[in-house]
>>> print(open('input.pdb').read())   # PDB, C-alpha atoms
ATOM      1  CA  MET A   1      39.120  32.991 -14.992  1.00  0.00           C
ATOM      2  CA  SER A   2      36.018  30.878 -15.143  1.00  0.00           C
ATOM      3  CA  THR A   3      35.723  27.721 -13.013  1.00  0.00           C
ATOM      4  CA  SER A   4      33.647  24.529 -13.140  1.00  0.00           C
ATOM      5  CA  THR A   5      31.185  23.285 -10.527  1.00  0.00           C
ATOM      6  CA  PRO A   6      32.411  20.070  -8.867  1.00  0.00           C
ATOM      7  CA  ARG A   7      29.298  17.934  -9.394  1.00  0.00           C
ATOM      8  CA  LEU A   8      27.886  18.833 -12.785  1.00  0.00           C
ATOM      9  CA  GLY A   9      30.882  20.516 -14.348  1.00  0.00           C
ATOM     10  CA  LEU A  10      28.941  23.666 -15.141  1.00  0.00           C
ATOM     11  CA  VAL A  11      31.114  26.612 -16.108  1.00  0.00           C
ATOM     12  CA  LYS A  12      30.966  29.498 -13.669  1.00  0.00           C
ATOM     13  CA  PRO A  13      32.095  32.811 -15.142  1.00  0.00           C
ATOM     14  CA  ALA A  14      34.640  34.807 -13.284  1.00  0.00           C
ATOM     15  CA  ALA A  15      33.821  38.248 -12.002  1.00  0.00           C
ATOM     16  CA  GLY A  16      33.350  40.597 -14.898  1.00  0.00           C
ATOM     17  CA  GLU A  17      32.612  37.769 -17.322  1.00  0.00           C
ATOM     18  CA  ALA A  18      28.993  37.305 -16.335  1.00  0.00           C
ATOM     19  CA  TYR A  19      27.715  38.888 -19.516  1.00  0.00           C
ATOM     20  CA  SER A  20      30.056  37.077 -21.847  1.00  0.00           C
ATOM     21  CA  LEU A  21      27.962  35.502 -24.592  1.00  0.00           C
ATOM     22  CA  THR A  22      30.618  32.821 -24.997  1.00  0.00           C
ATOM     23  CA  ILE A  23      30.478  31.744 -21.375  1.00  0.00           C
ATOM     24  CA  ILE A  24      26.685  31.753 -21.273  1.00  0.00           C
ATOM     25  CA  ASN A  25      26.671  29.485 -24.304  1.00  0.00           C
ATOM     26  CA  ASN A  26      29.272  27.253 -22.696  1.00  0.00           C
ATOM     27  CA  ASN A  27      26.976  26.862 -19.709  1.00  0.00           C
ATOM     28  CA  ASN A  28      24.032  25.908 -21.849  1.00  0.00           C
ATOM     29  CA  ASP A  29      26.045  23.420 -23.861  1.00  0.00           C
ATOM     30  CA  THR A  30      27.479  21.836 -20.718  1.00  0.00           C
ATOM     31  CA  ILE A  31      24.066  21.502 -19.137  1.00  0.00           C
ATOM     32  CA  ASP A  32      22.645  20.039 -22.330  1.00  0.00           C
ATOM     33  CA  THR A  33      25.439  17.489 -22.589  1.00  0.00           C
ATOM     34  CA  TYR A  34      25.076  16.541 -18.931  1.00  0.00           C
ATOM     35  CA  VAL A  35      21.304  16.070 -19.119  1.00  0.00           C
ATOM     36  CA  SER A  36      21.390  13.975 -22.271  1.00  0.00           C
ATOM     37  CA  GLY A  37      24.454  11.956 -21.305  1.00  0.00           C
ATOM     38  CA  THR A  38      24.086  11.516 -17.570  1.00  0.00           C
ATOM     39  CA  ALA A  39      21.010  12.962 -15.886  1.00  0.00           C
ATOM     40  CA  ASP A  40      18.521  11.140 -18.093  1.00  0.00           C
ATOM     41  CA  LYS A  41      20.129   7.845 -17.092  1.00  0.00           C
ATOM     42  CA  LEU A  42      20.121   8.459 -13.341  1.00  0.00           C
ATOM     43  CA  ALA A  43      17.768   6.510 -11.107  1.00  0.00           C
ATOM     44  CA  LYS A  44      14.643   8.515 -10.465  1.00  0.00           C
ATOM     45  CA  GLY A  45      13.841   8.776  -6.793  1.00  0.00           C
ATOM     46  CA  ARG A  46      13.707   6.110  -4.133  1.00  0.00           C
ATOM     47  CA  SER A  47      12.396   2.632  -4.823  1.00  0.00           C
ATOM     48  CA  LEU A  48      11.884  -0.644  -2.998  1.00  0.00           C
ATOM     49  CA  LYS A  49      11.014  -3.903  -4.668  1.00  0.00           C
ATOM     50  CA  THR A  50      10.560  -7.245  -2.974  1.00  0.00           C
ATOM     51  CA  LYS A  51       9.081 -10.589  -3.956  1.00  0.00           C
ATOM     52  CA  GLY A  52       6.941 -13.239  -2.349  1.00  0.00           C
ATOM     53  CA  THR A  53       8.362 -16.560  -3.520  1.00  0.00           C
ATOM     54  CA  ALA A  54       6.210 -18.818  -1.355  1.00  0.00           C
ATOM     55  CA  ALA A  55       2.438 -19.152  -1.263  1.00  0.00           C
ATOM     56  CA  SER A  56       0.644 -17.823   1.773  1.00  0.00           C
ATOM     57  CA  GLY A  57      -1.494 -19.913   4.047  1.00  0.00           C
ATOM     58  CA  ALA A  58      -5.229 -20.149   3.384  1.00  0.00           C
ATOM     59  CA  VAL A  59      -6.884 -17.191   5.092  1.00  0.00           C
ATOM     60  CA  SER A  60     -10.404 -15.877   5.542  1.00  0.00           C
ATOM     61  CA  THR A  61     -10.259 -13.530   8.506  1.00  0.00           C
ATOM     62  CA  LEU A  62      -8.217 -10.352   8.104  1.00  0.00           C
ATOM     63  CA  SER A  63      -4.595 -11.501   7.795  1.00  0.00           C
ATOM     64  CA  VAL A  64      -1.298  -9.903   6.896  1.00  0.00           C
ATOM     65  CA  ILE A  65      -0.019 -11.740   3.827  1.00  0.00           C
ATOM     66  CA  ASN A  66       3.295  -9.911   3.656  1.00  0.00           C
ATOM     67  CA  ASN A  67       4.923  -6.783   4.980  1.00  0.00           C
ATOM     68  CA  ILE A  68       7.691  -4.296   4.399  1.00  0.00           C
ATOM     69  CA  PRO A  69       8.984  -3.779   7.936  1.00  0.00           C
ATOM     70  CA  THR A  70      10.136  -0.201   7.395  1.00  0.00           C
ATOM     71  CA  PHE A  71      10.139   2.403   4.635  1.00  0.00           C
ATOM     72  CA  THR A  72      10.724   6.146   4.844  1.00  0.00           C
ATOM     73  CA  PHE A  73       8.432   8.289   2.720  1.00  0.00           C
ATOM     74  CA  LYS A  74      10.269  11.527   2.011  1.00  0.00           C
ATOM     75  CA  ALA A  75       8.410  14.788   2.530  1.00  0.00           C
ATOM     76  CA  GLY A  76       6.428  16.125  -0.423  1.00  0.00           C
ATOM     77  CA  LYS A  77       7.105  13.149  -2.695  1.00  0.00           C
ATOM     78  CA  GLU A  78       4.461  11.058  -4.407  1.00  0.00           C
ATOM     79  CA  TYR A  79       4.730   7.285  -3.912  1.00  0.00           C
ATOM     80  CA  SER A  80       3.023   4.451  -5.736  1.00  0.00           C
ATOM     81  CA  ILE A  81       2.693   1.150  -3.907  1.00  0.00           C
ATOM     82  CA  VAL A  82       1.864  -1.886  -6.026  1.00  0.00           C
ATOM     83  CA  TRP A  83       0.971  -5.386  -4.894  1.00  0.00           C
ATOM     84  CA  ASP A  84       0.652  -7.755  -7.836  1.00  0.00           C
ATOM     85  CA  PHE A  85      -0.248 -11.401  -7.264  1.00  0.00           C
ATOM     86  CA  ASN A  86      -1.969 -14.580  -8.314  1.00  0.00           C
ATOM     87  CA  TYR A  87      -4.474 -16.144  -5.949  1.00  0.00           C
ATOM     88  CA  TYR A  88      -6.909 -18.990  -5.673  1.00  0.00           C
ATOM     89  CA  GLY A  89      -9.896 -19.603  -3.478  1.00  0.00           C
ATOM     90  CA  SER A  90     -11.419 -22.692  -1.966  1.00  0.00           C
ATOM     91  CA  ALA A  91     -15.013 -21.786  -2.833  1.00  0.00           C
ATOM     92  CA  THR A  92     -16.389 -20.478  -6.095  1.00  0.00           C
ATOM     93  CA  ASP A  93     -18.466 -17.820  -4.362  1.00  0.00           C
ATOM     94  CA  GLY A  94     -15.516 -16.455  -2.367  1.00  0.00           C
ATOM     95  CA  PHE A  95     -15.384 -12.674  -2.427  1.00  0.00           C
ATOM     96  CA  PHE A  96     -12.229 -11.258  -0.935  1.00  0.00           C
ATOM     97  CA  GLU A  97     -10.755  -7.869  -0.197  1.00  0.00           C
ATOM     98  CA  MET A  98      -7.026  -7.299  -0.599  1.00  0.00           C
ATOM     99  CA  SER A  99      -5.591  -4.125   0.897  1.00  0.00           C
ATOM    100  CA  ILE A 100      -2.445  -2.103   1.344  1.00  0.00           C
ATOM    101  CA  ALA A 101      -2.119  -0.503   4.764  1.00  0.00           C
ATOM    102  CA  THR A 102       0.436   1.297   6.868  1.00  0.00           C
ATOM    103  CA  ALA A 103       1.266   0.596  10.496  1.00  0.00           C
ATOM    104  CA  LEU A 104       3.831   1.605  13.057  1.00  0.00           C
ATOM    105  CA  THR A 105       7.251   0.048  12.544  1.00  0.00           C
ATOM    106  CA  THR A 106       7.083  -1.090  16.162  1.00  0.00           C
ATOM    107  CA  ASP A 107       3.982  -3.217  15.476  1.00  0.00           C
ATOM    108  CA  SER A 108       4.434  -6.950  14.981  1.00  0.00           C
ATOM    109  CA  ALA A 109       4.236  -7.903  11.313  1.00  0.00           C
ATOM    110  CA  SER A 110       1.227 -10.154  11.896  1.00  0.00           C
ATOM    111  CA  LEU A 111      -0.799  -7.645  13.942  1.00  0.00           C
ATOM    112  CA  THR A 112      -4.096  -6.793  12.235  1.00  0.00           C
ATOM    113  CA  THR A 113      -4.969  -3.784  14.378  1.00  0.00           C
ATOM    114  CA  GLY A 114      -3.502  -0.310  14.140  1.00  0.00           C
ATOM    115  CA  LEU A 115      -3.787  -0.385  10.350  1.00  0.00           C
ATOM    116  CA  THR A 116      -4.321   2.697   8.182  1.00  0.00           C
ATOM    117  CA  PHE A 117      -5.676   1.437   4.880  1.00  0.00           C
ATOM    118  CA  LEU A 118      -4.332   3.229   1.818  1.00  0.00           C
ATOM    119  CA  ASN A 119      -6.332   1.373  -0.790  1.00  0.00           C
ATOM    120  CA  GLN A 120      -8.431  -1.743  -1.166  1.00  0.00           C
ATOM    121  CA  ARG A 121      -9.594  -3.876  -4.039  1.00  0.00           C
ATOM    122  CA  THR A 122     -12.128  -6.701  -4.106  1.00  0.00           C
ATOM    123  CA  HIS A 123     -11.387  -9.952  -5.889  1.00  0.00           C
ATOM    124  CA  GLY A 124     -13.792 -12.788  -6.608  1.00  0.00           C
ATOM    125  CA  VAL A 125     -13.196 -16.489  -7.006  1.00  0.00           C
ATOM    126  CA  ILE A 126     -14.697 -17.775 -10.244  1.00  0.00           C
ATOM    127  CA  VAL A 127     -13.266 -21.278 -10.181  1.00  0.00           C
ATOM    128  CA  GLY A 128     -11.931 -22.784  -6.975  1.00  0.00           C
ATOM    129  CA  GLY A 129      -8.700 -24.646  -6.329  1.00  0.00           C
ATOM    130  CA  ALA A 130      -4.966 -24.246  -6.763  1.00  0.00           C
ATOM    131  CA  SER A 131      -5.065 -25.318 -10.405  1.00  0.00           C
ATOM    132  CA  PHE A 132      -7.192 -22.305 -11.279  1.00  0.00           C
ATOM    133  CA  PRO A 133      -5.257 -19.197 -10.244  1.00  0.00           C
ATOM    134  CA  HIS A 134      -6.672 -15.761 -10.786  1.00  0.00           C
ATOM    135  CA  HIS A 135      -4.628 -12.618 -11.183  1.00  0.00           C
ATOM    136  CA  GLY A 136      -5.115  -9.544  -9.040  1.00  0.00           C
ATOM    137  CA  SER A 137      -3.449  -6.392  -7.918  1.00  0.00           C
ATOM    138  CA  VAL A 138      -3.834  -3.494  -5.549  1.00  0.00           C
ATOM    139  CA  ILE A 139      -2.338  -0.071  -6.196  1.00  0.00           C
ATOM    140  CA  ALA A 140      -2.126   2.644  -3.576  1.00  0.00           C
ATOM    141  CA  ASP A 141      -0.610   6.080  -3.408  1.00  0.00           C
ATOM    142  CA  ALA A 142       0.945   7.820  -0.451  1.00  0.00           C
ATOM    143  CA  THR A 143       2.257  11.318   0.204  1.00  0.00           C
ATOM    144  CA  TYR A 144       3.384  12.848   3.462  1.00  0.00           C
ATOM    145  CA  THR A 145       4.238  16.452   4.274  1.00  0.00           C
ATOM    146  CA  VAL A 146       7.164  15.442   6.488  1.00  0.00           C
ATOM    147  CA  ASP A 147       9.564  12.508   6.322  1.00  0.00           C
ATOM    148  CA  THR A 148       7.508   9.567   7.628  1.00  0.00           C
ATOM    149  CA  THR A 149       8.788   6.088   8.431  1.00  0.00           C
ATOM    150  CA  LEU A 150       6.154   3.362   8.477  1.00  0.00           C
ATOM    151  CA  GLN A 151       5.607  -0.363   8.116  1.00  0.00           C
ATOM    152  CA  ILE A 152       3.651  -1.415   5.021  1.00  0.00           C
ATOM    153  CA  LYS A 153       1.263  -4.353   5.324  1.00  0.00           C
ATOM    154  CA  PHE A 154      -0.486  -6.276   2.557  1.00  0.00           C
ATOM    155  CA  THR A 155      -3.667  -7.872   3.842  1.00  0.00           C
ATOM    156  CA  ALA A 156      -6.479 -10.156   2.703  1.00  0.00           C
ATOM    157  CA  LYS A 157      -9.838 -11.063   4.185  1.00  0.00           C
ATOM    158  CA  LEU A 158     -13.087 -12.731   3.208  1.00  0.00           C
ATOM    159  CA  LEU A 159     -15.544  -9.951   2.474  1.00  0.00           C
ATOM    160  CA  ALA A 160     -18.630 -12.020   1.630  1.00  0.00           C
ATOM    161  CA  ASN A 161     -19.783 -15.593   1.125  1.00  0.00           C
ATOM    162  CA  THR A 162     -17.496 -18.498   1.998  1.00  0.00           C
ATOM    163  CA  GLY A 163     -14.071 -20.006   1.622  1.00  0.00           C
ATOM    164  CA  THR A 164     -10.416 -19.206   2.034  1.00  0.00           C
ATOM    165  CA  VAL A 165      -7.897 -17.559  -0.254  1.00  0.00           C
ATOM    166  CA  VAL A 166      -4.224 -18.267  -0.912  1.00  0.00           C
ATOM    167  CA  ILE A 167      -1.885 -15.643  -2.341  1.00  0.00           C
ATOM    168  CA  MET A 168       0.371 -17.601  -4.646  1.00  0.00           C
ATOM    169  CA  GLY A 169       4.066 -17.184  -5.229  1.00  0.00           C
ATOM    170  CA  ASP A 170       7.062 -19.199  -6.282  1.00  0.00           C
ATOM    171  CA  ALA A 171      10.525 -18.472  -7.588  1.00  0.00           C
ATOM    172  CA  SER A 172       9.484 -18.145 -11.209  1.00  0.00           C
ATOM    173  CA  ALA A 173       6.190 -16.367 -10.587  1.00  0.00           C
ATOM    174  CA  PRO A 174       6.550 -14.374  -7.401  1.00  0.00           C
ATOM    175  CA  ALA A 175       4.064 -11.966  -5.942  1.00  0.00           C
ATOM    176  CA  LEU A 176       5.493  -8.462  -6.394  1.00  0.00           C
ATOM    177  CA  TYR A 177       5.636  -5.750  -3.764  1.00  0.00           C
ATOM    178  CA  ILE A 178       6.856  -2.453  -5.192  1.00  0.00           C
ATOM    179  CA  ILE A 179       7.186   1.070  -3.806  1.00  0.00           C
ATOM    180  CA  ASP A 180       8.227   3.703  -6.333  1.00  0.00           C
ATOM    181  CA  GLU A 181       8.832   7.379  -5.814  1.00  0.00           C
ATOM    182  CA  SER A 182       7.138   9.177  -8.673  1.00  0.00           C
ATOM    183  CA  GLY A 183       8.522  12.650  -8.007  1.00  0.00           C
ATOM    184  CA  ASP A 184       7.335  15.842  -6.404  1.00  0.00           C
ATOM    185  CA  GLN A 185       3.674  16.043  -5.526  1.00  0.00           C
ATOM    186  CA  ILE A 186       1.864  18.722  -7.522  1.00  0.00           C
TER
ATOM    187  CA  MET B   1       4.040 -19.980 -13.647  1.00  0.00           C
ATOM    188  CA  ASN B   2       2.623 -20.642 -10.212  1.00  0.00           C
ATOM    189  CA  GLU B   3       2.603 -24.382  -9.736  1.00  0.00           C
ATOM    190  CA  PRO B   4      -0.809 -25.792  -8.889  1.00  0.00           C
ATOM    191  CA  ILE B   5       0.370 -27.524  -5.722  1.00  0.00           C
ATOM    192  CA  GLU B   6      -1.505 -27.087  -2.492  1.00  0.00           C
ATOM    193  CA  VAL B   7       0.809 -27.114   0.508  1.00  0.00           C
ATOM    194  CA  GLU B   8      -0.485 -25.986   3.867  1.00  0.00           C
ATOM    195  CA  ARG B   9       1.595 -23.069   5.113  1.00  0.00           C
ATOM    196  CA  PHE B  10       1.766 -21.319   8.441  1.00  0.00           C
ATOM    197  CA  GLN B  11       2.619 -17.721   9.203  1.00  0.00           C
ATOM    198  CA  TRP B  12       5.898 -17.051  10.992  1.00  0.00           C
ATOM    199  CA  VAL B  13       7.308 -13.647  11.914  1.00  0.00           C
ATOM    200  CA  ASP B  14      11.075 -13.344  12.108  1.00  0.00           C
ATOM    201  CA  PRO B  15      11.611 -11.711  15.512  1.00  0.00           C
ATOM    202  CA  GLU B  16      14.763  -9.945  14.344  1.00  0.00           C
ATOM    203  CA  SER B  17      13.586  -8.465  11.030  1.00  0.00           C
ATOM    204  CA  ASN B  18       9.816  -8.351  11.805  1.00  0.00           C
ATOM    205  CA  GLN B  19       9.315  -9.891   8.372  1.00  0.00           C
ATOM    206  CA  ILE B  20       6.473 -12.312   7.607  1.00  0.00           C
ATOM    207  CA  TYR B  21       7.221 -15.753   6.178  1.00  0.00           C
ATOM    208  CA  TRP B  22       4.822 -18.538   5.215  1.00  0.00           C
ATOM    209  CA  LEU B  23       6.416 -21.860   6.131  1.00  0.00           C
ATOM    210  CA  THR B  24       5.475 -25.473   5.659  1.00  0.00           C
ATOM    211  CA  ALA B  25       4.834 -27.497   8.798  1.00  0.00           C
ATOM    212  CA  GLU B  26       8.296 -28.998   8.478  1.00  0.00           C
ATOM    213  CA  GLU B  27       9.978 -25.606   8.085  1.00  0.00           C
ATOM    214  CA  LEU B  28       7.999 -24.202  11.003  1.00  0.00           C
ATOM    215  CA  ALA B  29       9.032 -27.096  13.235  1.00  0.00           C
ATOM    216  CA  LYS B  30      12.683 -26.336  12.466  1.00  0.00           C
ATOM    217  CA  LYS B  31      12.197 -22.652  13.329  1.00  0.00           C
ATOM    218  CA  ASN B  32      10.568 -23.548  16.613  1.00  0.00           C
ATOM    219  CA  GLY B  33      13.371 -25.964  17.333  1.00  0.00           C
TER
END
>>> encode(input="input.pdb", output="structure tokens")
Amino acid sequence: MSTSTPRLGLVKPAAGEAYSLTIINNNNDTIDTYVSGTADKLAKGRSLKTKGTAASGAVSTLSVINNIPTFTFKAGKEYSIVWDFNYYGSATDGFFEMSIATALTTDSASLTTGLTFLNQRTHGVIVGGASFPHHGSVIADATYTVDTTLQIKFTAKLLANTGTVVIMGDASAPALYIIDESGDQI
Amino acid sequence: MNEPIEVERFQWVDPESNQIYWLTAEELAKKNG
């Protein structure tokens, strides 16, 4: 007598039934129904999303704007890390660099040494002041061959010229910090 | 939208969660007791 698998409900033929055309078709139909009805709606991979709902201080030297204290990257998976934000600068010639970096989970959140930068993006200030926000983002990717637990830090610093920068955020327009698992690395 | 209000904020790290927060002077004073 054939039996069903406990998780997916796939029909397993009994001994001697392995070549039954009926049972093979039952398997295919069950898989098809499961994929279209259930598997396609499952969450894909691991994900972490957090928001910055308060503006940062005004910074010019390398500073950690926000952090994710700990996240485990699973072996062989591809991860996208997105930092999306509004910002404003104090000087119209301000030229800043925003970065996504990893650090040890044992490091203090504000520590600006021991960083491994994943990706960096420069952002300029065209018009200064809080009433003239600019939009920016940094996207990084990360893949590790073994399970790796790290702290993620989002940093900003003045790269050239003058001024300070504030990363904006409030309840209705937060800065977004997102880690998404995209799937197996190929 | 982000409100165009400039409030000076100071970095504070929660010693328990190791999470960064940007607090106003008043909020920071409360944290530091």
>>> atom_distance(input="input.pdb", atom1="CA of Phe117 (chain A)", atom2="CA of Ala142 (chain A)")
10.6 Å
>>> resolve_selection(input="input.pdb", expression="the ChimeraX specification (/A :<10) & /B", output="ChimeraX atom specification")
/B:1-15,17-24
>>> resolve_selection(input="input.pdb", expression="the PyMOL selection byres ((chain A and resi 4) around 12)", output="list in words")
Met1, Ser2, Thr3, Thr5, Pro6, Arg7, Leu8, Gly9, Leu10, Val11, Lys12, Pro13, Ala14, Ile23, Asn26, Asn27, Thr30 and Ile31 of chain A
>>> atom_distance(input="input.pdb", atom1="CA of Thr116 (chain A)", atom2="CA of Ile152 (chain A)")
9.5 Å
>>> atom_distance(input="input.pdb", atom1="CA of His123 (chain A)", atom2="CA of Val165 (chain A)")
10.1 Å
>>> resolve_selection(input="input.pdb", expression="the PyMOL selection byres ((chain A and resi 45-47) around 10)", output="ChimeraX atom specification")
/A:42-44,48-49,71-74,77-81,178-184
>>> residues_near_point(input="input.pdb", point="(-3.6, -6.5, -10.7)", cutoff="7 Å", atoms="only C-alpha atoms", output="list in words")
Asp84, Phe85, His135, Gly136, Ser137 and Val138 of chain A
>>> write_last_selection(input="input.pdb", atoms="C-alpha atoms", output="PDB file, in the coordinates of the input")
ATOM      1  CA  ASP A  84       0.652  -7.755  -7.836  1.00  0.00           C
ATOM      2  CA  PHE A  85      -0.248 -11.401  -7.264  1.00  0.00           C
ATOM      3  CA  HIS A 135      -4.628 -12.618 -11.183  1.00  0.00           C
ATOM      4  CA  GLY A 136      -5.115  -9.544  -9.040  1.00  0.00           C
ATOM      5  CA  SER A 137      -3.449  -6.392  -7.918  1.00  0.00           C
ATOM      6  CA  VAL A 138      -3.834  -3.494  -5.549  1.00  0.00           C
TER       7      VAL A 138
END
>>> decode(input="input.pdb", residues="region 7-16 of chain B", atoms="all heavy atoms", output="mmCIF file, in the first residue's frame")
data_model
loop_
_atom_site.group_PDB
_atom_site.id
_atom_site.type_symbol
_atom_site.label_atom_id
_atom_site.label_comp_id
_atom_site.auth_asym_id
_atom_site.auth_seq_id
_atom_site.Cartn_x
_atom_site.Cartn_y
_atom_site.Cartn_z
ATOM 1 N N VAL B 7 17.177 69.084 15.288
ATOM 2 C CA VAL B 7 17.329 68.855 16.713
ATOM 3 C C VAL B 7 18.679 68.181 16.922
ATOM 4 O O VAL B 7 18.972 67.173 16.268
ATOM 5 C CB VAL B 7 16.207 67.938 17.255
ATOM 6 C CG1 VAL B 7 16.419 67.665 18.742
ATOM 7 C CG2 VAL B 7 14.851 68.566 17.008
ATOM 8 N N GLU B 8 19.482 68.750 17.794
ATOM 9 C CA GLU B 8 20.793 68.155 18.029
ATOM 10 C C GLU B 8 20.621 66.825 18.744
ATOM 11 O O GLU B 8 19.911 66.733 19.750
ATOM 12 C CB GLU B 8 21.676 69.091 18.859
ATOM 13 C CG GLU B 8 23.115 68.624 18.910
ATOM 14 C CD GLU B 8 24.029 69.617 19.624
ATOM 15 O OE1 GLU B 8 23.511 70.558 20.266
ATOM 16 O OE2 GLU B 8 25.241 69.439 19.548
ATOM 17 N N ARG B 9 21.244 65.790 18.213
ATOM 18 C CA ARG B 9 21.132 64.457 18.807
ATOM 19 C C ARG B 9 22.510 63.892 19.107
ATOM 20 O O ARG B 9 23.483 64.220 18.439
ATOM 21 C CB ARG B 9 20.355 63.513 17.878
ATOM 22 C CG ARG B 9 18.872 63.847 17.793
ATOM 23 C CD ARG B 9 18.104 62.884 16.914
ATOM 24 N NE ARG B 9 16.699 63.208 16.868
ATOM 25 C CZ ARG B 9 15.787 62.731 17.731
ATOM 26 N NH1 ARG B 9 16.156 61.883 18.673
ATOM 27 N NH2 ARG B 9 14.521 63.079 17.635
ATOM 28 N N PHE B 10 22.530 63.041 20.120
ATOM 29 C CA PHE B 10 23.779 62.480 20.609
ATOM 30 C C PHE B 10 23.699 60.958 20.571
ATOM 31 O O PHE B 10 22.661 60.374 20.879
ATOM 32 C CB PHE B 10 24.042 62.963 22.046
ATOM 33 C CG PHE B 10 24.058 64.452 22.168
ATOM 34 C CD1 PHE B 10 22.867 65.157 22.403
ATOM 35 C CD2 PHE B 10 25.235 65.168 22.012
ATOM 36 C CE1 PHE B 10 22.867 66.541 22.505
ATOM 37 C CE2 PHE B 10 25.236 66.551 22.107
ATOM 38 C CZ PHE B 10 24.044 67.242 22.355
ATOM 39 N N GLN B 11 24.825 60.350 20.217
ATOM 40 C CA GLN B 11 24.841 58.894 20.096
ATOM 41 C C GLN B 11 24.864 58.241 21.477
ATOM 42 O O GLN B 11 25.591 58.666 22.374
ATOM 43 C CB GLN B 11 26.078 58.464 19.302
ATOM 44 C CG GLN B 11 26.062 57.002 18.903
ATOM 45 C CD GLN B 11 27.267 56.641 18.049
ATOM 46 O OE1 GLN B 11 28.378 56.569 18.542
ATOM 47 N NE2 GLN B 11 27.042 56.446 16.765
ATOM 48 N N TRP B 12 24.054 57.198 21.624
ATOM 49 C CA TRP B 12 24.020 56.423 22.857
ATOM 50 C C TRP B 12 23.910 54.954 22.490
ATOM 51 O O TRP B 12 23.115 54.574 21.630
ATOM 52 C CB TRP B 12 22.818 56.838 23.722
ATOM 53 C CG TRP B 12 22.719 56.063 25.008
ATOM 54 C CD1 TRP B 12 23.499 56.226 26.122
ATOM 55 C CD2 TRP B 12 21.792 55.024 25.316
ATOM 56 N NE1 TRP B 12 23.112 55.341 27.099
ATOM 57 C CE2 TRP B 12 22.065 54.582 26.638
ATOM 58 C CE3 TRP B 12 20.749 54.418 24.618
ATOM 59 C CZ2 TRP B 12 21.342 53.570 27.252
ATOM 60 C CZ3 TRP B 12 20.031 53.398 25.220
ATOM 61 C CH2 TRP B 12 20.330 52.992 26.539
ATOM 62 N N VAL B 13 24.766 54.136 23.099
ATOM 63 C CA VAL B 13 24.750 52.697 22.838
ATOM 64 C C VAL B 13 24.126 51.986 24.039
ATOM 65 O O VAL B 13 24.598 52.131 25.168
ATOM 66 C CB VAL B 13 26.168 52.165 22.581
ATOM 67 C CG1 VAL B 13 26.135 50.657 22.365
ATOM 68 C CG2 VAL B 13 26.789 52.857 21.371
ATOM 69 N N ASP B 14 23.058 51.273 23.776
ATOM 70 C CA ASP B 14 22.423 50.481 24.836
ATOM 71 C C ASP B 14 23.386 49.376 25.265
ATOM 72 O O ASP B 14 23.740 48.517 24.450
ATOM 73 C CB ASP B 14 21.124 49.866 24.291
ATOM 74 C CG ASP B 14 20.342 49.118 25.371
ATOM 75 O OD1 ASP B 14 20.962 48.693 26.360
ATOM 76 O OD2 ASP B 14 19.117 48.967 25.208
ATOM 77 N N PRO B 15 23.835 49.391 26.514
ATOM 78 C CA PRO B 15 24.837 48.406 26.936
ATOM 79 C C PRO B 15 24.315 46.972 26.912
ATOM 80 O O PRO B 15 25.108 46.030 26.835
ATOM 81 C CB PRO B 15 25.193 48.852 28.361
ATOM 82 C CG PRO B 15 24.030 49.654 28.812
ATOM 83 C CD PRO B 15 23.461 50.299 27.598
ATOM 84 N N GLU B 16 23.021 46.793 26.974
ATOM 85 C CA GLU B 16 22.481 45.427 26.986
ATOM 86 C C GLU B 16 22.320 44.867 25.569
ATOM 87 O O GLU B 16 22.684 43.726 25.291
ATOM 88 C CB GLU B 16 21.132 45.404 27.711
ATOM 89 C CG GLU B 16 21.260 45.690 29.194
ATOM 90 C CD GLU B 16 19.953 45.499 29.923
ATOM 91 O OE1 GLU B 16 18.951 45.150 29.269
ATOM 92 O OE2 GLU B 16 19.930 45.726 31.139
#
